[in-house]
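For reference, the structure is listed below as structure tokens.
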Amino acid sequence: MRPVFHRRGLLVLQFAAFLVLTLAATGCGSSSSSSTALKAGGTVRIGMSGDWTTLDPTSGKVNGFTYPLAEATYDRLVATGPDGKVLPYLAQSWVQTLTSITFTLRTDATCFDGTKVTPTVIANSLKAMFASGSSDIGRFLGAGPFTVTSDDSAATLTVSSGTPFPDALVSFAHPFTSIICPAGLDPAKRVESTFGSGPFTIQSAVHGDSIVFKVRKEWKWGPNGASASSPGFPDTVVFQVFQNQTTAANELLTGGLDLAPITGPDVPRLIADTSLTHKTAPSDTADPMLFYSATGHPTSDPAVREALATAIDRSSWNKVTFAGFGTVASSIIAPQVACYDAATAPLVPTPSVDKAKQILQADGYSAGSDGMLQKNGNPLVIHLIANPALAAGDEYLQAQFQAVGITVPTPAADTGTYFKALLAGNFDIAIVALTSSGGLGAIFLGAEGPPVGPPPADLGGITDSSLESEIHAVATSVGTERCQHFANVQEQFLKQHYLLPLVYETFQWFSKNVAFVPTAFDEPDVTQIRRTA
């Protein structure tokens with residue numbers, strides 16, 4: 001799995017990023033599986049290319065691997081369908097204004113321990129989330145402040161905000177807003193255990209290896225009428241951790257895995273295998289090359305950032321990283337998304353190693369005796385953090401920068417090291433997958449995000465008051481005005497070379513004897529998985 005900051009995010013982690021996006025993608029592509037009959041029970045094994053940091057989806061310490069596990073064990077107020085539309089889940093209906101949402105709730109849901117899921121139970125879960133002070137609140141829901149009221153007799157719940165939050169509804173479909181049952185309101189309990197009302201409970205979990213879920217036979221309140229008694233609904237779901245995409249691809253071919261998203265050079269051979277079902281899901285956001293802009297980093301210099309961006313040919317990166325299956329990006333969001341700004345296209349540098357050298361020479365760099373660039377006797381050294389799932393792309397970046405005359409130490413290539421360095425700001429360049437699907441709820445990307453409690457961690461080290469002002473305007477406006485502010489955000493990222501948008505990913509999903517809905521993330525919608533053999 002690429003580091004995905006959902007709805008991402010996703011992440012909807014901040015680089016600085018605040019993404020409020022839908023959870024499901026439109027599936028397309030062809031199916032070569034000959035079996036369509038649904039088979040109840042049994043086991044579905046799903047490939048997951050990294051380990052989870054915590055089982056608590058509301059924790060600020062989550063990574064992208066936590067969310068599919070949360071979706072297996074926790075319910076949410078609403079869900080999103082393949083077309084991106086918001087669907088009833090625990091909430092049967094809702095009335096929304098710019099500053100509040102009143103949900104009318106179903107009354108038959110129960111927690112893993114039999115506790116009835118009442119409006120008060122849901123309210124207490126949300127209140128605990130708001131009281132946590134997590135920076136994710138601002139990224140998912142907005143500036144607040146928030147209040148939650150419930151009425152058990154009327155089966156209603158109202159969430160209100162002191163500031164407009166026009167995209168909040170879809171955020172209640174995100175795992176971050178999972179409903180925690182009373183037994184799990186103490187966050188210390190949720191690190192290695194789950195306390196939900198969702199379709200599965202954990203049977204076993206071994207970090208770095210796998211996590212096994214067993215079905216709750218009583219679960220019957222899922223989106224689109226999903227229930228544990230639905231034809232083909234599995235008894236057991238296993239998420240198997242794989243650090244290597246080729247290993248996962250081989251397991252799909254030999255039957256060790258039933259379902260997995262695969263990237264890179266293994267995709268063509270899987271497409272060619274007629275025993276597999278192949279589906280695709282397009283992303284609405286780009287994978288950007290992010291520069292750490294804080295003082296003390298060479299990338300705090302705008303000329304260095306410009307040169308690095310100029311050295312990279314996005315088409316070549318797409319070919320070596322995704323075998324050409326992505327689409328070259330010109331902004332952080334795709335053209336099909338509301339508020340896309342076409343004026344970003346001419347702001348992307350024309351790729352040229354020679355031009356990159358010229359930019360750095362004009363900035364005072366010159367070649368040393370070894371041919372590498374230096375200034376005042378100090379070599380230009382750029383630290384790239386590598387993600388194993390993007391190994392070929394990282395190697396391409398390293399080669400291009402070195403061709404310019406920039407020294408790039410070979411980075412450590414494991415997922416844990418990547419996330420630690422990313423969150424700590426111990427890098428100059430990182431590729432951050434901001435994948436999403438189903439249309440724009442809203443995307444706020446910026447220096448420090450909305451002003452909710454302590455400033456959230458800024459993955460880009462950006463200090464830019466005008467950018468922050470535009471982000472705040474996006475969060476508090478609607479319609480045409482909102483899109484104009486968001487266009488300003490998109491353009492500012494490129495004008496200041498805070499990032500280079502690389503590729504809009506097309507997620508390649510493969511399965512054997514499993515029906516599923518593909519998503520533009522590295523995790524499937526477990527409520528929609530059905531066994532066909």
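Residue names in the structure tokens use chain letters A, B, ... in the order shown, residue numbers from 1 in each chain, and ligand numbers from 1 in the order shown.
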
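Neighbours of Thr158 of chain A closer than or equal to 9 Å, with only C-alpha atoms counted and sequence neighbours fewer than 5 positions away skipped, come out as Ser100, Ile101, Thr102, Phe103, Thr104, Ala123, Thr147, Val148, Thr149, Ser150 and Asp151 of chain A.
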
- Give me, please, the distance in Å between atom CA of Glu491 of chain A and atom CA of Ile406 of chain A, quoted to one decimal.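 Interatomic distance, atom CA of Glu491 of chain A to atom CA of Ile406 of chain A: 27.0 Å.
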
Which neighbours of Ala131 of chain A fall inside 12 Å, counting only C-alpha atoms, when residues of the same chain fewer than 3 positions from it are skipped, and could you give them as a PDB file with N, CA, C and O atoms, in the first residue's frame?
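Saved to result18.pdb:
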ATOM      1  N   THR A  58      -9.971   6.738  15.283  1.00  0.00           N
ATOM      2  CA  THR A  58     -10.082   8.140  15.678  1.00  0.00           C
ATOM      3  C   THR A  58      -8.766   8.693  16.209  1.00  0.00           C
ATOM      4  O   THR A  58      -8.679   9.867  16.558  1.00  0.00           O
ATOM      5  N   ALA A 123     -24.038   9.726  20.162  1.00  0.00           N
ATOM      6  CA  ALA A 123     -23.656  11.068  20.619  1.00  0.00           C
ATOM      7  C   ALA A 123     -22.435  11.005  21.524  1.00  0.00           C
ATOM      8  O   ALA A 123     -21.512  11.820  21.402  1.00  0.00           O
ATOM      9  N   ASN A 124     -22.407  10.042  22.429  1.00  0.00           N
ATOM     10  CA  ASN A 124     -21.262   9.922  23.341  1.00  0.00           C
ATOM     11  C   ASN A 124     -19.977   9.591  22.573  1.00  0.00           C
ATOM     12  O   ASN A 124     -18.889  10.060  22.931  1.00  0.00           O
ATOM     13  N   SER A 125     -20.114   8.785  21.527  1.00  0.00           N
ATOM     14  CA  SER A 125     -18.953   8.469  20.704  1.00  0.00           C
ATOM     15  C   SER A 125     -18.423   9.731  20.023  1.00  0.00           C
ATOM     16  O   SER A 125     -17.220  10.010  20.043  1.00  0.00           O
ATOM     17  N   LEU A 126     -19.319  10.502  19.417  1.00  0.00           N
ATOM     18  CA  LEU A 126     -18.896  11.722  18.731  1.00  0.00           C
ATOM     19  C   LEU A 126     -18.370  12.769  19.702  1.00  0.00           C
ATOM     20  O   LEU A 126     -17.389  13.471  19.415  1.00  0.00           O
ATOM     21  N   LYS A 127     -18.991  12.878  20.860  1.00  0.00           N
ATOM     22  CA  LYS A 127     -18.514  13.840  21.860  1.00  0.00           C
ATOM     23  C   LYS A 127     -17.094  13.490  22.306  1.00  0.00           C
ATOM     24  O   LYS A 127     -16.258  14.375  22.490  1.00  0.00           O
ATOM     25  N   ALA A 128     -16.838  12.202  22.476  1.00  0.00           N
ATOM     26  CA  ALA A 128     -15.492  11.779  22.862  1.00  0.00           C
ATOM     27  C   ALA A 128     -14.488  12.128  21.772  1.00  0.00           C
ATOM     28  O   ALA A 128     -13.358  12.544  22.056  1.00  0.00           O
ATOM     29  N   SER A 134      -8.143  16.017  18.666  1.00  0.00           N
ATOM     30  CA  SER A 134      -7.357  15.520  17.535  1.00  0.00           C
ATOM     31  C   SER A 134      -7.368  16.520  16.388  1.00  0.00           C
ATOM     32  O   SER A 134      -8.410  17.105  16.053  1.00  0.00           O
ATOM     33  N   SER A 135      -6.216  16.706  15.773  1.00  0.00           N
ATOM     34  CA  SER A 135      -6.146  17.598  14.614  1.00  0.00           C
ATOM     35  C   SER A 135      -6.952  17.051  13.440  1.00  0.00           C
ATOM     36  O   SER A 135      -7.316  17.803  12.535  1.00  0.00           O
ATOM     37  N   ASP A 136      -7.240  15.751  13.449  1.00  0.00           N
ATOM     38  CA  ASP A 136      -8.050  15.177  12.383  1.00  0.00           C
ATOM     39  C   ASP A 136      -9.458  15.758  12.362  1.00  0.00           C
ATOM     40  O   ASP A 136     -10.124  15.723  11.327  1.00  0.00           O
ATOM     41  N   ILE A 137      -9.929  16.260  13.479  1.00  0.00           N
ATOM     42  CA  ILE A 137     -11.266  16.870  13.510  1.00  0.00           C
ATOM     43  C   ILE A 137     -11.329  17.998  12.502  1.00  0.00           C
ATOM     44  O   ILE A 137     -12.258  18.097  11.698  1.00  0.00           O
ATOM     45  N   GLY A 144     -15.304  24.109  13.417  1.00  0.00           N
ATOM     46  CA  GLY A 144     -16.141  24.039  14.620  1.00  0.00           C
ATOM     47  C   GLY A 144     -16.349  25.410  15.240  1.00  0.00           C
ATOM     48  O   GLY A 144     -16.306  26.417  14.539  1.00  0.00           O
ATOM     49  N   PRO A 145     -16.571  25.490  16.558  1.00  0.00           N
ATOM     50  CA  PRO A 145     -16.665  24.384  17.524  1.00  0.00           C
ATOM     51  C   PRO A 145     -17.954  23.586  17.331  1.00  0.00           C
ATOM     52  O   PRO A 145     -18.928  24.084  16.784  1.00  0.00           O
ATOM     53  N   PHE A 146     -17.934  22.325  17.830  1.00  0.00           N
ATOM     54  CA  PHE A 146     -19.019  21.401  17.568  1.00  0.00           C
ATOM     55  C   PHE A 146     -19.813  21.078  18.831  1.00  0.00           C
ATOM     56  O   PHE A 146     -19.256  21.004  19.924  1.00  0.00           O
ATOM     57  N   THR A 147     -21.089  20.873  18.640  1.00  0.00           N
ATOM     58  CA  THR A 147     -21.956  20.374  19.709  1.00  0.00           C
ATOM     59  C   THR A 147     -22.752  19.200  19.161  1.00  0.00           C
ATOM     60  O   THR A 147     -23.046  19.122  17.961  1.00  0.00           O
ATOM     61  N   VAL A 148     -23.088  18.267  20.052  1.00  0.00           N
ATOM     62  CA  VAL A 148     -23.856  17.085  19.668  1.00  0.00           C
ATOM     63  C   VAL A 148     -25.007  16.919  20.641  1.00  0.00           C
ATOM     64  O   VAL A 148     -24.809  16.939  21.866  1.00  0.00           O
ATOM     65  N   LEU A 185     -14.977   3.543  25.014  1.00  0.00           N
ATOM     66  CA  LEU A 185     -14.796   4.993  25.024  1.00  0.00           C
ATOM     67  C   LEU A 185     -13.449   5.418  25.602  1.00  0.00           C
ATOM     68  O   LEU A 185     -12.974   6.528  25.341  1.00  0.00           O
ATOM     69  N   PRO A 187      -9.841   5.628  25.157  1.00  0.00           N
ATOM     70  CA  PRO A 187      -9.001   5.433  23.967  1.00  0.00           C
ATOM     71  C   PRO A 187      -7.851   4.461  24.177  1.00  0.00           C
ATOM     72  O   PRO A 187      -7.368   3.859  23.213  1.00  0.00           O
ATOM     73  N   VAL A 452      -8.267  24.572  14.362  1.00  0.00           N
ATOM     74  CA  VAL A 452      -8.957  23.739  15.347  1.00  0.00           C
ATOM     75  C   VAL A 452      -7.953  23.286  16.393  1.00  0.00           C
ATOM     76  O   VAL A 452      -7.080  22.466  16.115  1.00  0.00           O
ATOM     77  N   GLY A 453      -8.036  23.827  17.605  1.00  0.00           N
ATOM     78  CA  GLY A 453      -7.129  23.403  18.666  1.00  0.00           C
ATOM     79  C   GLY A 453      -5.687  23.668  18.279  1.00  0.00           C
ATOM     80  O   GLY A 453      -5.376  24.612  17.556  1.00  0.00           O
TER      81      GLY A 453
END

- Message: Using only C-alpha atoms, can you tell me which of A:Pro166, A:Gly324, A:Gly208, A:Pro261 comes closest to Phe242 of chain A?
- Response: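 Between A:Pro166, A:Gly324, A:Gly208, A:Pro261, the residue approaching Phe242 of chain A most closely is A:Gly208.
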
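Between atom CA of Asp167 of chain A and atom CA of Asp75 of chain A the interatomic distance comes to 19.6 Å.
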
- Query: What are the DSSP strand (DSSP E) residues of segment 54-219 of chain A, as number ranges by chain?
  - Reply: A: 78-80, 86-88, 91-96, 100-105, 146-151, 156-161, 200-206, 210-215

- Task: Could you pull out the residues in segment 233-377 of chain A that DSSP calls alpha helix (DSSP H) from the backbone, as a PyMOL selection string?
- Result: chain A and resi 245-254+267-272+302-310+314-322+353-362

Same residues, N, CA and C atoms, output as a CSV table (one decimal), in the first residue's frame:
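Final output, selection.csv:
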chain,number,residue,atom,x,y,z
A,245,GLN,N,5.0,-6.1,-3.7
A,245,GLN,CA,3.8,-6.2,-4.6
A,245,GLN,C,4.0,-7.5,-5.5
A,246,THR,N,5.1,-7.9,-5.9
A,246,THR,CA,5.3,-9.1,-6.7
A,246,THR,C,4.9,-10.3,-5.9
A,247,THR,N,5.2,-10.3,-4.6
A,247,THR,CA,4.8,-11.5,-3.8
A,247,THR,C,3.3,-11.5,-3.7
A,248,ALA,N,2.6,-10.4,-3.5
A,248,ALA,CA,1.2,-10.4,-3.5
A,248,ALA,C,0.6,-10.8,-4.8
A,249,ALA,N,1.2,-10.3,-5.9
A,249,ALA,CA,0.7,-10.8,-7.3
A,249,ALA,C,0.8,-12.3,-7.4
A,250,ASN,N,1.9,-12.8,-7.0
A,250,ASN,CA,2.1,-14.3,-7.1
A,250,ASN,C,1.0,-15.0,-6.3
A,251,GLU,N,0.7,-14.5,-5.1
A,251,GLU,CA,-0.3,-15.1,-4.2
A,251,GLU,C,-1.6,-15.1,-4.9
A,252,LEU,N,-2.0,-14.0,-5.6
A,252,LEU,CA,-3.2,-14.0,-6.3
A,252,LEU,C,-3.3,-15.1,-7.3
A,253,LEU,N,-2.2,-15.3,-8.0
A,253,LEU,CA,-2.2,-16.3,-9.1
A,253,LEU,C,-2.3,-17.7,-8.6
A,254,THR,N,-1.7,-18.0,-7.4
A,254,THR,CA,-1.6,-19.3,-6.9
A,254,THR,C,-2.8,-19.6,-5.9
A,267,VAL,N,1.3,-5.5,-13.0
A,267,VAL,CA,-0.1,-5.4,-13.5
A,267,VAL,C,-0.3,-6.0,-14.8
A,268,PRO,N,0.5,-5.9,-15.8
A,268,PRO,CA,0.2,-6.5,-17.1
A,268,PRO,C,0.1,-8.0,-17.1
A,269,ARG,N,0.9,-8.7,-16.3
A,269,ARG,CA,0.8,-10.1,-16.3
A,269,ARG,C,-0.5,-10.6,-15.6
A,270,LEU,N,-0.9,-9.8,-14.6
A,270,LEU,CA,-2.2,-10.2,-13.9
A,270,LEU,C,-3.4,-9.9,-14.9
A,271,ILE,N,-3.3,-8.8,-15.6
A,271,ILE,CA,-4.4,-8.5,-16.6
A,271,ILE,C,-4.5,-9.7,-17.6
A,272,ALA,N,-3.4,-10.2,-18.0
A,272,ALA,CA,-3.3,-11.3,-19.0
A,272,ALA,C,-3.8,-12.6,-18.5
A,302,PRO,N,13.2,28.4,-2.6
A,302,PRO,CA,12.2,28.2,-3.8
A,302,PRO,C,12.9,27.8,-5.1
A,303,ALA,N,14.2,28.3,-5.3
A,303,ALA,CA,14.9,27.9,-6.5
A,303,ALA,C,15.2,26.4,-6.5
A,304,VAL,N,15.6,25.9,-5.4
A,304,VAL,CA,15.9,24.5,-5.3
A,304,VAL,C,14.6,23.6,-5.6
A,305,ARG,N,13.5,24.1,-5.0
A,305,ARG,CA,12.3,23.4,-5.3
A,305,ARG,C,11.9,23.4,-6.7
A,306,GLU,N,12.1,24.6,-7.3
A,306,GLU,CA,11.8,24.7,-8.8
A,306,GLU,C,12.7,23.8,-9.6
A,307,ALA,N,13.9,23.8,-9.3
A,307,ALA,CA,14.9,22.9,-10.0
A,307,ALA,C,14.5,21.4,-9.9
A,308,LEU,N,14.2,21.0,-8.7
A,308,LEU,CA,13.8,19.6,-8.5
A,308,LEU,C,12.6,19.3,-9.3
A,309,ALA,N,11.6,20.2,-9.3
A,309,ALA,CA,10.3,19.9,-10.0
A,309,ALA,C,10.6,19.9,-11.5
A,310,THR,N,11.5,20.7,-12.0
A,310,THR,CA,11.9,20.8,-13.4
A,310,THR,C,12.6,19.6,-13.9
A,314,ARG,N,7.0,13.8,-15.6
A,314,ARG,CA,5.9,13.0,-15.0
A,314,ARG,C,5.5,11.8,-15.8
A,315,SER,N,5.6,11.9,-17.1
A,315,SER,CA,5.2,10.8,-18.0
A,315,SER,C,6.2,9.6,-17.7
A,316,SER,N,7.4,9.9,-17.6
A,316,SER,CA,8.4,8.8,-17.3
A,316,SER,C,8.2,8.2,-15.9
A,317,TRP,N,7.9,9.1,-15.0
A,317,TRP,CA,7.6,8.6,-13.6
A,317,TRP,C,6.4,7.7,-13.6
A,318,ASN,N,5.4,8.0,-14.4
A,318,ASN,CA,4.2,7.2,-14.5
A,318,ASN,C,4.5,5.8,-15.1
A,319,LYS,N,5.4,5.8,-16.1
A,319,LYS,CA,5.7,4.6,-16.8
A,319,LYS,C,6.5,3.6,-15.9
A,320,VAL,N,7.5,4.2,-15.1
A,320,VAL,CA,8.3,3.3,-14.3
A,320,VAL,C,7.6,2.9,-13.0
A,321,THR,N,6.6,3.7,-12.5
A,321,THR,CA,6.0,3.5,-11.3
A,321,THR,C,4.7,2.7,-11.4
A,322,PHE,N,3.9,3.0,-12.4
A,322,PHE,CA,2.6,2.4,-12.6
A,322,PHE,C,2.4,1.8,-14.0
A,353,VAL,N,16.5,18.4,-17.6
A,353,VAL,CA,17.6,18.4,-16.7
A,353,VAL,C,18.5,19.6,-16.8
A,354,ASP,N,18.7,20.0,-18.1
A,354,ASP,CA,19.5,21.2,-18.4
A,354,ASP,C,18.9,22.4,-17.7
A,355,LYS,N,17.6,22.6,-17.9
A,355,LYS,CA,17.0,23.8,-17.3
A,355,LYS,C,17.1,23.7,-15.8
A,356,ALA,N,17.0,22.6,-15.2
A,356,ALA,CA,17.1,22.4,-13.7
A,356,ALA,C,18.5,22.9,-13.3
A,357,LYS,N,19.5,22.5,-14.1
A,357,LYS,CA,20.9,22.9,-13.8
A,357,LYS,C,21.0,24.5,-13.8
A,358,GLN,N,20.4,25.1,-14.9
A,358,GLN,CA,20.5,26.5,-15.1
A,358,GLN,C,19.8,27.2,-13.9
A,359,ILE,N,18.7,26.7,-13.4
A,359,ILE,CA,18.0,27.4,-12.3
A,359,ILE,C,19.0,27.4,-11.0
A,360,LEU,N,19.6,26.2,-10.8
A,360,LEU,CA,20.5,26.1,-9.6
A,360,LEU,C,21.8,27.0,-9.8
A,361,GLN,N,22.3,27.0,-11.0
A,361,GLN,CA,23.5,27.9,-11.3
A,361,GLN,C,23.1,29.4,-11.0
A,362,ALA,N,21.9,29.8,-11.4
A,362,ALA,CA,21.5,31.2,-11.2
A,362,ALA,C,21.3,31.4,-9.7

Which residues come within 7 Å of Ala334 of chain A, counting only C-alpha atoms, excluding same-chain residues fewer than 2 positions away, as an mmCIF file with N, CA, C and O atoms, in the first residue's frame?
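Just written: part_4.cif:
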data_model
loop_
_atom_site.group_PDB
_atom_site.id
_atom_site.type_symbol
_atom_site.label_atom_id
_atom_site.label_comp_id
_atom_site.auth_asym_id
_atom_site.auth_seq_id
_atom_site.Cartn_x
_atom_site.Cartn_y
_atom_site.Cartn_z
ATOM 1 N N ASP A 284 -9.417 10.713 -7.739
ATOM 2 C CA ASP A 284 -9.756 12.108 -7.955
ATOM 3 C C ASP A 284 -8.636 13.051 -7.531
ATOM 4 O O ASP A 284 -8.754 14.263 -7.705
ATOM 5 N N THR A 285 -7.585 12.525 -6.925
ATOM 6 C CA THR A 285 -6.473 13.368 -6.493
ATOM 7 C C THR A 285 -5.154 12.804 -7.002
ATOM 8 O O THR A 285 -5.044 11.624 -7.292
ATOM 9 N N SER A 331 -2.699 19.136 -11.447
ATOM 10 C CA SER A 331 -3.102 19.785 -10.203
ATOM 11 C C SER A 331 -3.250 18.705 -9.149
ATOM 12 O O SER A 331 -3.095 17.517 -9.434
ATOM 13 N N ILE A 332 -3.545 19.107 -7.930
ATOM 14 C CA ILE A 332 -3.725 18.128 -6.871
ATOM 15 C C ILE A 332 -5.051 17.407 -6.965
ATOM 16 O O ILE A 332 -5.254 16.390 -6.301
ATOM 17 N N GLN A 336 -12.176 15.873 -13.435
ATOM 18 C CA GLN A 336 -13.577 15.523 -13.233
ATOM 19 C C GLN A 336 -14.118 16.004 -11.890
ATOM 20 O O GLN A 336 -15.305 15.869 -11.609
ATOM 21 N N VAL A 337 -13.253 16.562 -11.057
ATOM 22 C CA VAL A 337 -13.646 16.936 -9.709
ATOM 23 C C VAL A 337 -14.105 18.384 -9.671
ATOM 24 O O VAL A 337 -13.517 19.259 -10.325
ATOM 25 N N TYR A 340 -11.940 21.905 -9.878
ATOM 26 C CA TYR A 340 -10.661 21.729 -10.582
ATOM 27 C C TYR A 340 -10.311 23.022 -11.306
ATOM 28 O O TYR A 340 -11.161 23.682 -11.896
ATOM 29 N N TYR A 504 -2.431 11.030 -11.561
ATOM 30 C CA TYR A 504 -3.714 10.581 -11.020
ATOM 31 C C TYR A 504 -3.725 9.060 -11.176
ATOM 32 O O TYR A 504 -3.737 8.540 -12.299
#
